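Just below is one structure, and these are the notes that go with it.
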Amino acid sequence: MKFKLDENLSPSLAAIFTAAGHDAHSVTQQALNGKPDELVLEVCGREQRALVTLDLDFANILAYPPAEFSGIVVLRLPSQTHSAVESAVRLMLGLLGQEPPVRKLWIVEESRVRIR
């Protein structure tokens, strides 16, 4: 599966995706930092990548209907330390075989994943 890491995530997290057999790029690598959310999602759509982000705005299904996108994964964590984010990413990656996030919204919390 292909993923795009939003600007609020360390590009170094891409290595975790790669080690799990996935393709991951970051918004930073494409000089999309500071660009409108709609543009980032448009690029994700062209590249067929699910967006992984800490930005809770993407969890708004009225603004971002999941069926219209390549997948949106929102990490909703009480702590956004690198280790907390890495742990959430590993939780998410462990569930990909059961149900990919394509055309869905995944909200990843510390100990659970909600799928819409």
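Quick note on naming: the chains in the structure tokens go A, B, ... in the order shown, residues restart at 1 in each chain, and ligands are numbered from 1 in order of appearance.
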
Task: DSSP alpha helix (DSSP H) residues within chain A, as a PyMOL selection string - done: chain A and resi 14-19+37-47+82-95

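Backbone DSSP over chain A yields strand (DSSP E) at Lys2, Phe3, Lys4, Leu5, Asp23, Ala24, His25, Ser26, Ala50, Leu51, Val52, Thr53, Ile72, Val73, Val74, Leu75, Leu105, Trp106, Ile107, Val108, Val113, Arg114 and Ile115 of chain A.
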
- [ ] Identify, on the basis of only C-alpha atoms, every residue whose closest approach to A:Glu99 does not exceed 12 Å; exclude the query and any residue fewer than 6 positions from it along the same chain; express the result as a count of residues only.
- [x] 10

- [ ] Considering only C-alpha atoms, return as a PyMOL selection string whatever protein or nucleic-acid residues lie within 8 Å of A:Leu54, sequence-local ones (same chain, fewer than 2 positions apart) excluded.
- [x] chain A and resi 6+8-9+52+56+74-76

Task: Residues within 12 Å of A:Asn33, only C-alpha atoms, excluding chain neighbours under 3 positions, as a list in words - done: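 After dropping sequence-adjacent residues, the list is Leu5, Asp6, Glu7, Asn8, Leu9, Pro11, Ser26, Val27, Thr28, Gln29, Gln30, Pro36, Asp37, Leu39 and Val40 of chain A.
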
Could you save those same residues with C-alpha atoms as a PDB file, in the first residue's frame?
ATOM      1  CA  LEU A   5       2.926  11.386   5.680  1.00  0.00           C
ATOM      2  CA  ASP A   6       1.561  14.841   6.452  1.00  0.00           C
ATOM      3  CA  GLU A   7       3.869  17.698   7.401  1.00  0.00           C
ATOM      4  CA  ASN A   8       3.064  17.248  11.094  1.00  0.00           C
ATOM      5  CA  LEU A   9       4.741  13.817  11.063  1.00  0.00           C
ATOM      6  CA  PRO A  11       9.587  11.999   7.535  1.00  0.00           C
ATOM      7  CA  SER A  26       6.207  12.680   3.088  1.00  0.00           C
ATOM      8  CA  VAL A  27       4.607  15.998   2.274  1.00  0.00           C
ATOM      9  CA  THR A  28       7.984  17.526   3.133  1.00  0.00           C
ATOM     10  CA  GLN A  29       9.755  15.525   0.408  1.00  0.00           C
ATOM     11  CA  GLN A  30       7.458  17.068  -2.193  1.00  0.00           C
ATOM     12  CA  PRO A  36      -3.803  23.833   1.532  1.00  0.00           C
ATOM     13  CA  ASP A  37      -5.244  20.541   2.784  1.00  0.00           C
ATOM     14  CA  LEU A  39      -4.048  20.274  -2.509  1.00  0.00           C
ATOM     15  CA  VAL A  40      -2.372  17.667  -0.310  1.00  0.00           C
TER      16      VAL A  40
END

Task: Residues within 12 Å of A:Lys2, only C-alpha atoms, excluding chain neighbours under 3 positions, as a PyMOL selection string - done: chain A and resi 5+14+17-18+20-26+44-52+70-72+93+96+100-102

Open item on the list: Taking only C-alpha atoms into account, name the residue in A:Ala84, A:Val73, A:Ile16, A:Ile61 that is nearest to A:Val108.
Closed with: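 Closest to A:Val108, using only C-alpha atoms: A:Val73.
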
- [ ] Tell me, in Å to one decimal, how far atom CA of A:Arg103 is from atom CA of A:Pro65.
- [x]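 We find that atom CA of A:Arg103 and atom CA of A:Pro65 lie 8.6 Å from each other.
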
Open item on the list: I need the residue nearest A:Pro66 from this list: A:Leu41, A:Leu13, A:Ser79, A:Lys104. Use only C-alpha atoms for the distance.
Closed with: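 Looking at the shortest contact to A:Pro66, the residue is A:Lys104.
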